[in-house]
file entry-v2.cif (mmCIF, C-alpha atoms)
data_query
loop_
_atom_site.label_atom_id
_atom_site.label_comp_id
_atom_site.auth_asym_id
_atom_site.auth_seq_id
_atom_site.Cartn_x
_atom_site.Cartn_y
_atom_site.Cartn_z
CA MET A 91 83.05 72.75 130.18
CA ASP A 92 84.93 76.05 130.73
CA GLN A 93 87.67 74.31 132.68
CA ALA A 94 91.29 73.54 131.94
CA LEU A 95 93.94 71.29 133.37
CA LEU A 96 96.90 73.34 134.58
CA LEU A 97 100.09 71.30 134.91
CA VAL A 98 102.98 73.08 136.62
CA ARG A 99 106.47 71.57 136.51
CA ASN A 100 109.02 72.85 139.01
CA GLU A 101 112.57 72.18 137.78
CA LEU A 102 114.22 74.12 140.59
CA PRO A 103 116.21 71.62 142.69
CA ALA A 104 115.91 73.20 146.12
CA GLN A 105 112.81 75.34 146.18
CA GLY A 106 109.18 74.43 146.55
CA LEU A 107 106.58 76.79 145.11
CA ARG A 108 103.13 78.00 146.11
CA LEU A 109 100.66 78.57 143.27
CA ALA A 110 97.75 81.01 143.65
CA ALA A 111 95.21 82.38 141.18
CA LEU A 112 92.97 85.41 140.73
CA SER A 113 90.11 85.63 138.23
CA GLY A 114 90.03 88.69 135.98
CA SER A 115 86.33 89.13 136.75
CA CYS A 116 86.83 89.13 140.52
CA HIS A 117 86.94 92.81 141.59
CA GLN A 118 89.10 93.64 144.66
CA CYS A 119 89.67 89.97 145.49
CA LEU A 120 92.63 88.22 147.10
CA TYR A 121 94.64 85.50 145.40
CA GLN A 122 93.34 82.02 146.15
CA PHE A 123 95.80 79.23 146.94
CA LEU A 124 95.73 76.42 144.37
CA ALA A 125 98.61 74.03 145.00
CA PHE A 126 102.08 73.47 146.37
CA ILE A 127 104.66 72.33 143.81
CA PRO A 128 107.53 70.39 145.40
CA PRO A 129 111.12 70.93 144.28
CA SER A 130 112.64 68.68 141.63
CA ASN A 131 114.59 65.58 142.56
CA GLY A 132 118.06 66.60 141.45
CA SER A 133 119.55 63.12 141.56
CA LEU A 134 116.80 61.64 139.39
CA ARG A 135 116.36 64.78 137.27
CA LYS A 136 112.64 64.51 137.93
CA PRO A 137 110.74 67.81 138.25
CA GLY A 138 108.18 68.39 140.95
CA THR A 139 104.69 68.59 139.49
CA ALA A 140 101.20 69.66 140.46
CA ALA A 141 97.96 69.51 138.46
CA VAL A 142 94.90 71.62 139.22
CA MET A 143 91.60 72.36 137.49
CA VAL A 144 91.03 76.06 136.77
CA ASP A 145 88.17 78.14 135.35
CA THR A 146 88.60 79.38 131.77
CA GLN A 147 85.63 81.74 131.37
CA HIS A 148 87.74 84.78 132.29
CA PRO A 149 91.43 85.72 132.13
CA LEU A 150 93.27 84.16 135.05
CA THR A 151 96.28 85.66 136.82
CA LEU A 152 98.62 83.04 138.27
CA LEU A 153 101.03 83.92 141.06
CA LEU A 154 104.04 81.85 142.09
CA ASN A 155 105.64 82.43 145.49
CA GLY A 156 108.53 80.72 147.19
CA SER A 157 107.71 78.22 149.89
CA VAL A 158 109.67 80.28 152.43
CA GLY A 159 108.15 83.71 153.05
CA ASP A 160 105.88 85.52 150.64
CA ARG A 161 108.48 86.58 148.06
CA GLU A 162 106.80 86.87 144.64
CA LEU A 163 108.75 84.99 141.99
CA CYS A 164 106.64 85.60 138.91
CA LYS A 165 103.15 86.39 137.73
CA PHE A 166 101.35 85.44 134.51
CA VAL A 167 98.03 86.19 132.86
CA PHE A 168 96.55 83.27 130.93
CA ILE A 169 93.50 83.07 128.73
CA MET A 170 93.20 79.31 128.90
CA GLY A 171 92.53 76.66 126.30
CA THR A 172 91.88 73.07 127.35
CA SER A 173 95.34 72.31 128.71
CA ILE A 174 98.66 74.11 129.17
CA SER A 175 102.06 73.26 130.54
CA LEU A 176 104.29 75.78 132.34
CA SER A 177 107.96 75.21 133.09
CA LEU A 178 109.10 77.75 135.64
CA SER A 179 112.84 77.22 135.52
CA SER A 180 113.33 78.76 132.08
CA MET A 181 111.28 81.82 133.07
CA LEU A 182 113.39 82.39 136.18
CA ARG A 183 116.65 81.86 134.31
CA TRP A 184 115.60 84.55 131.80
CA GLY A 185 115.56 87.15 134.55
CA SER A 186 119.20 86.39 135.47
CA SER A 187 120.73 86.09 131.99
CA LYS A 188 120.27 89.52 130.43
CA ARG A 189 124.02 90.00 130.01
CA LYS A 190 124.31 86.70 128.15
CA VAL A 191 121.36 87.53 125.89
CA LEU A 192 122.79 90.98 125.17
CA GLY A 193 126.04 89.31 124.18
CA LYS A 194 124.19 87.06 121.73
CA ILE A 195 122.32 90.04 120.28
CA LEU A 196 125.57 91.95 119.80
CA TRP A 197 127.28 88.95 118.18
CA ARG A 198 124.39 88.23 115.81
CA SER A 199 124.18 91.89 114.82
CA PHE A 200 127.91 91.92 114.09
CA LEU A 201 127.60 88.80 111.92
CA LEU A 202 124.66 90.29 110.01
CA ILE A 203 126.57 93.53 109.39
CA LEU A 204 129.65 91.57 108.27
CA LEU A 205 127.52 89.46 105.92
CA GLY A 206 125.96 92.63 104.53
CA ILE A 207 129.37 94.16 103.77
CA ILE A 208 130.34 90.97 101.91
CA VAL A 209 127.09 90.98 99.93
CA VAL A 210 127.39 94.61 98.78
CA ASN A 211 131.07 94.13 97.91
CA PRO A 212 131.07 90.75 96.12
CA ASN A 213 134.25 91.49 94.15
CA TYR A 214 136.30 91.37 97.32
CA CYS A 215 135.54 87.67 97.65
CA LEU A 216 137.42 87.10 94.37
CA GLY A 217 140.45 89.29 94.87
CA PRO A 218 142.60 91.15 97.42
CA LEU A 219 140.79 93.23 100.00
CA SER A 220 141.09 96.99 99.59
CA TRP A 221 139.47 99.60 101.80
CA ASP A 222 139.84 102.34 99.19
CA ASP A 223 136.35 101.93 97.72
CA LEU A 224 134.68 99.46 100.10
CA ARG A 225 130.98 100.26 100.50
CA ILE A 226 130.11 100.26 104.21
CA PRO A 227 126.28 100.74 104.38
CA GLY A 228 123.83 98.21 103.00
CA VAL A 229 120.49 96.50 103.62
CA LEU A 230 121.79 93.74 105.91
CA GLN A 231 124.02 96.19 107.76
CA ARG A 232 121.01 98.38 108.48
CA LEU A 233 118.92 95.38 109.54
CA GLY A 234 121.68 94.16 111.85
CA PHE A 235 122.05 97.51 113.61
CA THR A 236 118.29 97.97 113.81
CA TYR A 237 117.91 94.51 115.34
CA LEU A 238 120.59 95.36 117.89
CA VAL A 239 118.90 98.60 119.02
CA VAL A 240 115.31 97.32 119.15
CA ALA A 241 116.20 94.01 120.83
CA ALA A 242 118.38 95.77 123.40
CA LEU A 243 115.60 98.25 124.14
CA GLU A 244 113.14 95.44 124.73
CA LEU A 245 115.54 93.48 126.90
CA LEU A 246 116.82 96.34 129.04
CA PHE A 247 113.63 98.28 129.74
CA THR A 248 110.79 95.77 129.79
CA ARG A 249 109.63 95.20 133.36
CA ALA A 250 108.65 91.85 134.78
CA GLY A 251 105.01 91.08 134.09
CA ALA A 252 104.70 93.58 131.22
CA GLU A 253 104.20 91.02 128.47
CA SER A 254 101.76 88.99 130.54
CA GLY A 255 99.67 92.09 131.25
CA THR A 256 99.86 91.80 135.03
CA LEU A 257 101.26 95.30 135.59
CA GLU A 258 98.66 97.81 136.70
CA SER A 259 97.91 100.48 134.13
CA PRO A 260 96.04 103.78 134.67
CA CYS A 261 94.41 103.22 131.27
CA PRO A 262 93.51 99.57 130.59
CA ALA A 263 92.88 100.34 126.92
CA LEU A 264 96.59 101.22 126.58
CA ARG A 265 98.02 98.35 128.61
CA ASP A 266 100.00 97.14 125.60
CA ILE A 267 101.69 100.58 125.34
CA LEU A 268 102.05 102.23 128.75
CA PRO A 269 104.26 99.54 130.37
CA TYR A 270 106.78 100.25 127.61
CA TRP A 271 107.00 104.02 128.13
CA PRO A 272 110.84 104.03 128.46
CA GLN A 273 111.15 102.49 124.99
CA TRP A 274 108.67 104.99 123.53
CA ILE A 275 110.57 107.91 125.05
CA PHE A 276 113.80 106.58 123.53
CA ILE A 277 112.17 106.18 120.10
CA LEU A 278 110.65 109.68 120.25
CA MET A 279 114.06 111.09 121.17
CA LEU A 280 115.56 109.34 118.15
CA GLU A 281 112.90 110.91 115.94
CA LEU A 282 113.62 114.32 117.46
CA ILE A 283 117.31 113.81 116.60
CA TRP A 284 116.34 112.90 113.02
CA LEU A 285 114.19 116.02 112.68
CA CYS A 286 116.89 118.30 114.11
CA LEU A 287 119.65 116.89 111.93
CA THR A 288 117.48 116.86 108.82
CA PHE A 289 116.12 120.39 109.10
CA LEU A 290 118.65 122.27 111.25
CA LEU A 291 122.07 120.88 110.30
CA PRO A 292 123.99 123.35 108.08
CA VAL A 293 125.05 121.67 104.82
CA PRO A 294 127.66 123.58 102.78
CA GLY A 295 126.21 125.01 99.60
CA CYS A 296 122.67 123.79 100.34
CA PRO A 297 119.58 125.39 101.88
CA ARG A 298 118.84 124.26 105.42
CA GLY A 299 116.33 121.40 105.54
CA TYR A 300 116.83 120.43 101.89
CA LEU A 301 115.20 117.08 101.04
CA GLY A 302 115.62 117.11 97.28
CA PRO A 303 117.68 115.03 94.84
CA GLY A 304 120.11 117.72 93.70
CA GLY A 305 121.32 117.49 90.12
CA ILE A 306 118.95 119.18 87.69
CA GLY A 307 116.14 119.11 90.27
CA ASP A 308 114.95 122.37 91.79
CA PHE A 309 115.85 124.07 88.49
CA GLY A 310 119.49 123.08 88.91
CA ASN A 311 120.07 125.44 91.85
CA TYR A 312 121.54 122.79 94.18
CA PRO A 313 123.36 120.23 92.00
CA ASN A 314 125.61 118.91 94.78
CA CYS A 315 122.96 118.66 97.50
CA THR A 316 121.72 115.12 96.85
CA GLY A 317 119.98 113.85 99.98
CA GLY A 318 120.53 117.04 101.97
CA ALA A 319 121.72 116.41 105.52
CA ALA A 320 121.48 112.61 105.10
CA GLY A 321 123.94 112.58 102.19
CA TYR A 322 126.21 115.13 103.87
CA ILE A 323 126.47 113.08 107.08
CA ASP A 324 127.38 109.91 105.15
CA ARG A 325 130.01 111.68 103.06
CA LEU A 326 131.43 113.36 106.17
CA LEU A 327 131.57 110.29 108.43
CA LEU A 328 132.06 107.44 105.96
CA GLY A 329 133.74 109.16 103.02
CA GLU A 330 132.47 109.54 99.46
CA LYS A 331 134.16 106.33 98.25
CA HIS A 332 132.56 104.17 100.94
CA ILE A 333 128.92 104.81 100.06
CA TYR A 334 126.75 103.86 97.07
CA GLN A 335 128.08 105.45 93.89
CA HIS A 336 125.06 105.09 91.59
CA PRO A 337 121.89 106.26 93.38
CA SER A 338 118.56 106.01 91.57
CA SER A 339 118.35 109.82 91.47
CA SER A 340 121.14 109.85 88.87
CA VAL A 341 118.79 108.43 86.22
CA ILE A 342 116.18 111.20 86.23
CA TYR A 343 117.94 114.07 87.97
CA GLN A 344 121.40 113.47 86.47
CA THR A 345 123.08 113.71 89.84
CA THR A 346 126.83 113.27 90.16
CA MET A 347 127.13 113.03 93.95
CA PRO A 348 127.29 109.57 95.58
CA TYR A 349 124.39 108.85 97.90
CA ASP A 350 123.58 105.75 99.94
CA PRO A 351 119.89 104.88 100.52
CA GLU A 352 120.98 102.74 103.49
CA GLY A 353 122.90 105.56 105.13
CA ILE A 354 123.28 106.62 108.74
CA LEU A 355 120.46 109.13 109.17
CA GLY A 356 117.78 106.95 107.58
CA THR A 357 118.65 104.15 110.00
CA ILE A 358 116.95 106.14 112.76
CA ASN A 359 113.60 105.84 111.00
CA THR A 360 114.29 102.17 110.26
CA ILE A 361 114.56 101.63 114.01
CA PHE A 362 111.20 103.34 114.44
CA MET A 363 109.63 101.10 111.80
CA ALA A 364 111.03 97.96 113.43
CA PHE A 365 109.73 99.17 116.78
CA LEU A 366 106.23 99.48 115.29
CA GLY A 367 106.57 95.89 114.11
CA LEU A 368 107.52 94.90 117.65
CA GLN A 369 104.39 96.69 118.85
CA ALA A 370 102.30 94.53 116.50
CA GLY A 371 103.84 91.46 118.09
CA LYS A 372 103.04 92.75 121.58
CA ILE A 373 99.40 93.17 120.59
CA ILE A 374 99.25 89.51 119.60
CA LEU A 375 100.90 88.50 122.90
CA PHE A 376 98.72 90.71 125.09
CA TYR A 377 95.44 89.74 123.50
CA LYS A 378 96.15 86.14 122.60
CA ASP A 379 93.10 84.48 120.99
CA GLN A 380 91.06 87.70 121.44
CA HIS A 381 90.54 88.20 117.73
CA LYS A 382 88.37 91.30 117.90
CA GLN A 383 90.80 93.06 120.23
CA ILE A 384 93.78 92.23 118.02
CA MET A 385 92.13 93.25 114.76
CA SER A 386 90.69 96.46 116.22
CA ARG A 387 94.13 97.50 117.46
CA PHE A 388 95.73 96.75 114.12
CA PHE A 389 93.05 98.92 112.53
CA ILE A 390 93.57 101.75 115.03
CA TRP A 391 97.33 101.73 114.51
CA SER A 392 96.77 101.85 110.76
CA ILE A 393 94.47 104.86 111.11
CA VAL A 394 96.93 106.66 113.41
CA MET A 395 99.83 106.08 111.01
CA GLY A 396 97.65 107.18 108.06
CA ILE A 397 96.63 110.42 109.78
CA ILE A 398 100.27 111.24 110.59
CA SER A 399 101.20 110.58 106.95
CA ALA A 400 98.36 112.77 105.69
CA ILE A 401 99.53 115.64 107.91
CA LEU A 402 103.21 115.30 107.00
CA THR A 403 102.58 115.03 103.26
CA LYS A 404 99.50 117.27 103.02
CA CYS A 405 98.08 114.38 100.98
CA SER A 406 100.37 115.34 98.10
CA LYS A 407 103.38 113.84 96.38
CA GLU A 408 105.79 116.76 96.54
CA GLU A 409 104.21 119.65 98.46
CA GLY A 410 104.05 118.28 102.02
CA PHE A 411 106.10 119.19 105.05
CA ILE A 412 108.00 115.90 104.69
CA PRO A 413 107.28 114.13 101.38
CA ILE A 414 107.37 110.34 101.13
CA ASN A 415 110.89 109.37 100.07
CA LYS A 416 112.28 105.84 100.30
CA ASN A 417 115.85 106.90 99.48
CA LEU A 418 115.79 109.17 102.52
CA TRP A 419 113.63 106.80 104.58
CA SER A 420 111.71 109.90 105.59
CA ILE A 421 109.40 109.70 108.60
CA SER A 422 106.40 110.06 106.26
CA TYR A 423 107.63 107.04 104.31
CA VAL A 424 107.78 105.01 107.53
CA THR A 425 104.31 106.05 108.71
CA THR A 426 102.77 105.42 105.28
CA MET A 427 104.33 101.97 104.92
CA SER A 428 103.35 101.14 108.50
CA CYS A 429 99.77 102.24 107.79
CA PHE A 430 99.48 99.74 104.93
CA ALA A 431 101.45 97.11 106.86
CA PHE A 432 98.99 97.14 109.76
CA ILE A 433 96.05 96.85 107.34
CA LEU A 434 97.73 93.98 105.50
CA LEU A 435 98.55 92.28 108.80
CA LEU A 436 94.92 92.64 109.84
CA LEU A 437 93.72 90.96 106.64
CA ILE A 438 96.26 88.15 106.88
CA TYR A 439 95.46 87.59 110.55
CA TYR A 440 91.76 87.36 109.71
CA LEU A 441 92.31 84.86 106.89
CA VAL A 442 94.97 82.72 108.58
CA ASP A 443 94.27 82.85 112.32
CA VAL A 444 90.57 83.68 112.60
CA LYS A 445 88.89 82.00 109.63
CA ARG A 446 91.74 79.58 108.85
CA LEU A 447 91.02 79.93 105.14
CA TRP A 448 94.70 80.11 104.22
CA SER A 449 97.92 78.72 105.66
CA GLY A 450 100.10 81.56 104.38
CA ALA A 451 101.77 79.36 101.75
CA PRO A 452 103.83 79.84 99.69
CA PHE A 453 104.98 83.13 101.20
CA PHE A 454 106.03 81.80 104.59
CA TYR A 455 108.54 79.40 103.01
CA PRO A 456 110.95 82.18 101.93
CA GLY A 457 110.06 83.98 105.15
CA MET A 458 111.48 81.07 107.16
CA ASN A 459 114.79 81.46 105.28
CA SER A 460 114.73 85.16 104.51
CA ILE A 461 118.46 85.79 105.07
CA LEU A 462 119.44 82.88 102.83
CA VAL A 463 117.01 83.90 100.07
CA TYR A 464 118.13 87.53 100.16
CA THR A 465 121.83 86.69 100.21
CA GLY A 466 121.41 84.04 97.54
CA HIS A 467 119.57 86.47 95.29
CA GLU A 468 122.24 89.13 95.72
CA VAL A 469 125.05 86.68 94.95
CA PHE A 470 123.47 84.69 92.10
CA GLU A 471 121.15 87.24 90.48
CA ASN A 472 123.32 87.46 87.35
CA TYR A 473 123.81 83.73 86.91
CA PHE A 474 121.73 81.11 85.10
CA PRO A 475 118.98 79.95 85.77
CA PHE A 476 118.06 83.19 87.55
CA LYS A 477 119.17 85.28 84.58
CA TRP A 478 119.98 84.59 80.95
CA LYS A 479 120.91 86.46 77.81
CA MET A 480 117.75 87.97 76.39
CA GLN A 481 116.81 87.94 72.75
CA ASP A 482 115.34 91.41 73.15
CA SER A 483 116.72 93.33 76.13
CA GLN A 484 114.10 96.04 75.56
CA SER A 485 111.19 93.64 75.94
CA HIS A 486 109.18 94.18 79.11
CA ALA A 487 107.55 90.78 78.66
CA GLU A 488 110.94 89.03 78.62
CA HIS A 489 112.12 90.96 81.66
CA LEU A 490 108.91 90.00 83.46
CA THR A 491 109.36 86.33 82.51
CA GLN A 492 112.92 86.36 83.79
CA ASN A 493 111.96 87.98 87.09
CA LEU A 494 109.01 85.64 87.65
CA THR A 495 111.25 82.65 86.92
CA ALA A 496 113.87 83.79 89.43
CA THR A 497 111.24 84.48 92.08
CA THR A 498 109.60 81.10 91.53
CA LEU A 499 112.95 79.32 91.78
CA TRP A 500 113.73 80.95 95.14
CA VAL A 501 110.27 80.02 96.46
CA VAL A 502 110.86 76.40 95.35
CA ILE A 503 114.33 76.40 96.94
CA SER A 504 112.94 77.76 100.22
CA TYR A 505 110.13 75.16 100.12
CA LEU A 506 112.63 72.30 99.68
CA LEU A 507 114.72 73.66 102.55
CA TYR A 508 111.57 73.93 104.66
CA ARG A 509 110.68 70.30 103.94
CA ARG A 510 114.16 69.20 105.00
CA ARG A 511 113.98 71.45 108.11
CA ILE A 512 117.01 73.45 107.01
CA PHE A 513 116.90 77.05 108.22
CA TRP A 514 119.76 79.50 107.93
CA LYS A 515 119.70 82.16 110.60
CA ILE A 516 122.14 84.41 112.38
#
call {"tool": "encode", "arguments": {"input": "entry-v2.cif", "output": "structure tokens"}}
result
Amino acid sequence: MDQALLLVRNELPAQGLRLAALSGSCHQCLYQFLAFIPPSNGSLRKPGTAAVMVDTQHPLTLLLNGSVGDRELCKFVFIMGTSISLSLSSMLRWGSSKRKVLGKILWRSFLLILLGIIVVNPNYCLGPLSWDDLRIPGVLQRLGFTYLVVAALELLFTRAGAESGTLESPCPALRDILPYWPQWIFILMLELIWLCLTFLLPVPGCPRGYLGPGGIGDFGNYPNCTGGAAGYIDRLLLGEKHIYQHPSSSVIYQTTMPYDPEGILGTINTIFMAFLGLQAGKIILFYKDQHKQIMSRFFIWSIVMGIISAILTKCSKEEGFIPINKNLWSISYVTTMSCFAFILLLLIYYLVDVKRLWSGAPFFYPGMNSILVYTGHEVFENYFPFKWKMQDSQSHAEHLTQNLTATTLWVVISYLLYRRRIFWKI
């Protein structure tokens, strides 16, 4: 009872290792030697192994040193189950392959951006390529760039031992945040840039800090100011013909200016939202199997995001400092969506991981092939069986039936791909 078998495999061909441990409940104690792990037999490709019994009542910090000298190689914090297996070689290789990983991140981001350009310009797949009216921004393009920035931040600035929780922190309650202070400073600087550009950048013919739709909005005083600084930056850097020509604001506000909801300025807040998602993942890593800790932190993050949203919006639709606006991807939109996302994640975690009342099906099937489902929907949305000629195009019931049919078909397709272990990723 309250013990685990720790099996350590040393795949390093010429280096023996010394394993020591320190209990999380042992105040001001020294590491206690557990075992020596011999080097692997290179000719036989047989790793050196050692097995020891360890206590599992409290978090255990494991320390690996080289056999020569006291040089610390790595340190881990484990909250044990009944048995675990640790392969050291892959962990050590990770520390020496950042350039290679960055190259993969850059390549995958480029492929995602290229795929996004193809998806938002499907006609170019059927005819000659012309740059005259090629739309550059898009959903996948934004996701690709966001992935590049957030992944690079995590790779470049995360210190050894941060994810395992072994780094000392002046505030233990914030040990899943403080080790990542360089990333947080970078994200806060990005938000400062967004605020300065949004509210201080002069836009010709528009009031400074304008966040409205233009057109007939604001009593028709600023018809060509759609999107304010965000729209101006896209038109200036990308050109009017290379952004979305039919924004949703044209329906109600009768706007005539092109505006892209996946433009440059809004990407800054998308990076912030993705970073908050990364923070949720860190919570799960830091407090693995500590359900109360994980759920309480999800709840706290939700409250913090909700308070920020309440301040920015003044709890109103239009009268706040920064109203919620998805087309602009305003900071209040990000904090509001993140507030609900943390609450939803808390509920799902409780049902799936704590109580095990639900497996997550059928939603995780399309989630395992999200790029394929999204791209497939964009390409085939106007083809049968996803769409057909309606008897009454004004019927909400028929539109609903068509949309539910298409959604169900993509869930079934993703389920069949899941069963055949086919996953399309970049």
call {"tool": "atom_distance", "arguments": {"input": "entry-v2.cif", "atom1": "CA of Ala104 in chain A", "atom2": "CA of Ala125 in chain A"}}
result
17.4 Å
call {"tool": "residues_near_point", "arguments": {"input": "entry-v2.cif", "point": "(94.2, 84.4, 140.8)", "cutoff": "8 Å", "atoms": "all atoms listed in the file", "output": "list in words"}}
result
Ala110, Ala111, Leu112, Ser113, Gly114, Leu120, Tyr121, Gln122, Leu150, Thr151, Leu152 and Leu153 of chain A
call {"tool": "closest_residue", "arguments": {"input": "entry-v2.cif", "among": "A:Leu243, A:Val341, A:Ile421, A:Leu441", "to": "Ile401 in chain A", "atoms": "only C-alpha atoms"}}
result
A:Ile421
call {"tool": "closest_residue", "arguments": {"input": "entry-v2.cif", "among": "A:Tyr343, A:Tyr270, A:Tyr440, A:Tyr349", "to": "Lys331 in chain A", "atoms": "all atoms listed in the file"}}
result
A:Tyr349
call {"tool": "residues_around", "arguments": {"input": "entry-v2.cif", "residues": "Gly371 in chain A", "least_positions_apart": "6", "cutoff": "12 Å", "atoms": "all atoms listed in the file", "output": "PyMOL selection string"}}
result
chain A and resi 253+266-267+364-365+377-378+384+387-388+432+435+439
call {"tool": "atom_distance", "arguments": {"input": "entry-v2.cif", "atom1": "CA of Thr316 in chain A", "atom2": "CA of Arg232 in chain A"}}
result
20.4 Å
call {"tool": "atom_distance", "arguments": {"input": "entry-v2.cif", "atom1": "CA of Leu507 in chain A", "atom2": "CA of Leu462 in chain A"}}
result
10.4 Å
call {"tool": "closest_residue", "arguments": {"input": "entry-v2.cif", "among": "A:Leu124, A:Ala241, A:Leu366, A:Val444", "to": "Leu154 in chain A", "atoms": "only C-alpha atoms"}}
result
A:Leu124
call {"tool": "closest_residue", "arguments": {"input": "entry-v2.cif", "among": "A:Cys296, A:Cys119, A:Ile412, A:Met363", "to": "Ala319 in chain A", "atoms": "all atoms listed in the file"}}
result
A:Cys296
call {"tool": "residues_near_point", "arguments": {"input": "entry-v2.cif", "point": "(104.3, 71.9, 140.9)", "cutoff": "12 Å", "atoms": "all atoms listed in the file", "output": "JSON, numbers by chain"}}
result
{"A": [96, 97, 98, 99, 100, 101, 102, 105, 106, 107, 108, 109, 110, 124, 125, 126, 127, 128, 129, 130, 136, 137, 138, 139, 140, 141, 142, 154, 155, 156, 157, 175, 176, 177, 178, 179]}
call {"tool": "closest_atom_pairs", "arguments": {"input": "entry-v2.cif", "of": "range 380-462 of chain A", "to": "range 276-286 of chain A", "cutoff": "12 Å", "atoms": "only C-alpha atoms", "output": "CSV"}}
result
residue,atom,partner,partner_atom,distance
A:Phe411,CA,A:Leu285,CA,11.6
A:Ile412,CA,A:Leu285,CA,10.1
A:Leu418,CA,A:Trp284,CA,11.2
A:Trp419,CA,A:Trp284,CA,10.8
A:Ser420,CA,A:Trp284,CA,9.3
A:Ile421,CA,A:Glu281,CA,8.2
A:Ser422,CA,A:Glu281,CA,11.7
A:Val424,CA,A:Glu281,CA,11.5
call {"tool": "resolve_selection", "arguments": {"input": "entry-v2.cif", "expression": "the PyMOL selection byres ((chain A and resi 465) around 12)", "output": "PyMOL selection string"}}
result
chain A and resi 202+205-210+212+229-230+456+459-464+466-471+500+514-515
call {"tool": "write_last_selection", "arguments": {"input": "entry-v2.cif", "atoms": "C-alpha atoms", "output": "mmCIF file, keeping the file's coordinate frame"}}
result
data_model
loop_
_atom_site.group_PDB
_atom_site.id
_atom_site.type_symbol
_atom_site.label_atom_id
_atom_site.label_comp_id
_atom_site.auth_asym_id
_atom_site.auth_seq_id
_atom_site.Cartn_x
_atom_site.Cartn_y
_atom_site.Cartn_z
ATOM 1 C CA LEU A 202 124.660 90.290 110.010
ATOM 2 C CA LEU A 205 127.520 89.460 105.920
ATOM 3 C CA GLY A 206 125.960 92.630 104.530
ATOM 4 C CA ILE A 207 129.370 94.160 103.770
ATOM 5 C CA ILE A 208 130.340 90.970 101.910
ATOM 6 C CA VAL A 209 127.090 90.980 99.930
ATOM 7 C CA VAL A 210 127.390 94.610 98.780
ATOM 8 C CA PRO A 212 131.070 90.750 96.120
ATOM 9 C CA VAL A 229 120.490 96.500 103.620
ATOM 10 C CA LEU A 230 121.790 93.740 105.910
ATOM 11 C CA PRO A 456 110.950 82.180 101.930
ATOM 12 C CA ASN A 459 114.790 81.460 105.280
ATOM 13 C CA SER A 460 114.730 85.160 104.510
ATOM 14 C CA ILE A 461 118.460 85.790 105.070
ATOM 15 C CA LEU A 462 119.440 82.880 102.830
ATOM 16 C CA VAL A 463 117.010 83.900 100.070
ATOM 17 C CA TYR A 464 118.130 87.530 100.160
ATOM 18 C CA GLY A 466 121.410 84.040 97.540
ATOM 19 C CA HIS A 467 119.570 86.470 95.290
ATOM 20 C CA GLU A 468 122.240 89.130 95.720
ATOM 21 C CA VAL A 469 125.050 86.680 94.950
ATOM 22 C CA PHE A 470 123.470 84.690 92.100
ATOM 23 C CA GLU A 471 121.150 87.240 90.480
ATOM 24 C CA TRP A 500 113.730 80.950 95.140
ATOM 25 C CA TRP A 514 119.760 79.500 107.930
ATOM 26 C CA LYS A 515 119.700 82.160 110.600
#
call {"tool": "resolve_selection", "arguments": {"input": "entry-v2.cif", "expression": "the PyMOL selection byres ((chain A and resi 389) around 12)", "output": "number ranges by chain"}}
result
A: 370, 373, 382-388, 390-396, 428-437, 439-440
call {"tool": "resolve_selection", "arguments": {"input": "entry-v2.cif", "expression": "the PyMOL selection byres ((chain A and resi 314) around 10)", "output": "list in words"}}
result
Pro294, Gly295, Cys296, Pro303, Gly304, Gly305, Ile306, Gly310, Asn311, Tyr312, Pro313, Cys315, Thr316, Gly317, Gly318, Gly321, Tyr322, Thr345, Thr346, Met347 and Pro348 of chain A
call {"tool": "axis_aligned_box", "arguments": {"input": "entry-v2.cif", "around": "range 407-420 of chain A", "padding_each_side": "3 Å", "output": "AutoDock Vina command-line options"}}
result
--center_x 109.6 --center_y 112.7 --center_z 101.0 --size_x 18.5 --size_y 19.8 --size_z 15.2
call {"tool": "closest_residue", "arguments": {"input": "entry-v2.cif", "among": "A:Glu162, A:Ile398, A:Asp379, A:Pro413", "to": "Tyr300 in chain A", "atoms": "only C-alpha atoms"}}
result
A:Pro413
call {"tool": "residues_around", "arguments": {"input": "entry-v2.cif", "residues": "Leu224 in chain A", "least_positions_apart": "2", "cutoff": "10 Å", "atoms": "only C-alpha atoms", "output": "MDAnalysis selection string"}}
result
chainID A and resid 207:208 210:211 213:214 219:222 226:227 331:334
call {"tool": "closest_residue", "arguments": {"input": "entry-v2.cif", "among": "A:Arg135, A:Lys445, A:Pro292, A:Pro351", "to": "Ser339 in chain A", "atoms": "only C-alpha atoms"}}
result
A:Pro351
call {"tool": "residues_around", "arguments": {"input": "entry-v2.cif", "residues": "Phe453 in chain A", "least_positions_apart": "4", "cutoff": "12 Å", "atoms": "all atoms listed in the file", "output": "list in words"}}
result
Ile438, Trp448, Ser449, Gly457, Met458, Asn459, Ser460, Thr497, Thr498, Trp500, Val501, Val502, Ser504, Tyr505 and Tyr508 of chain A
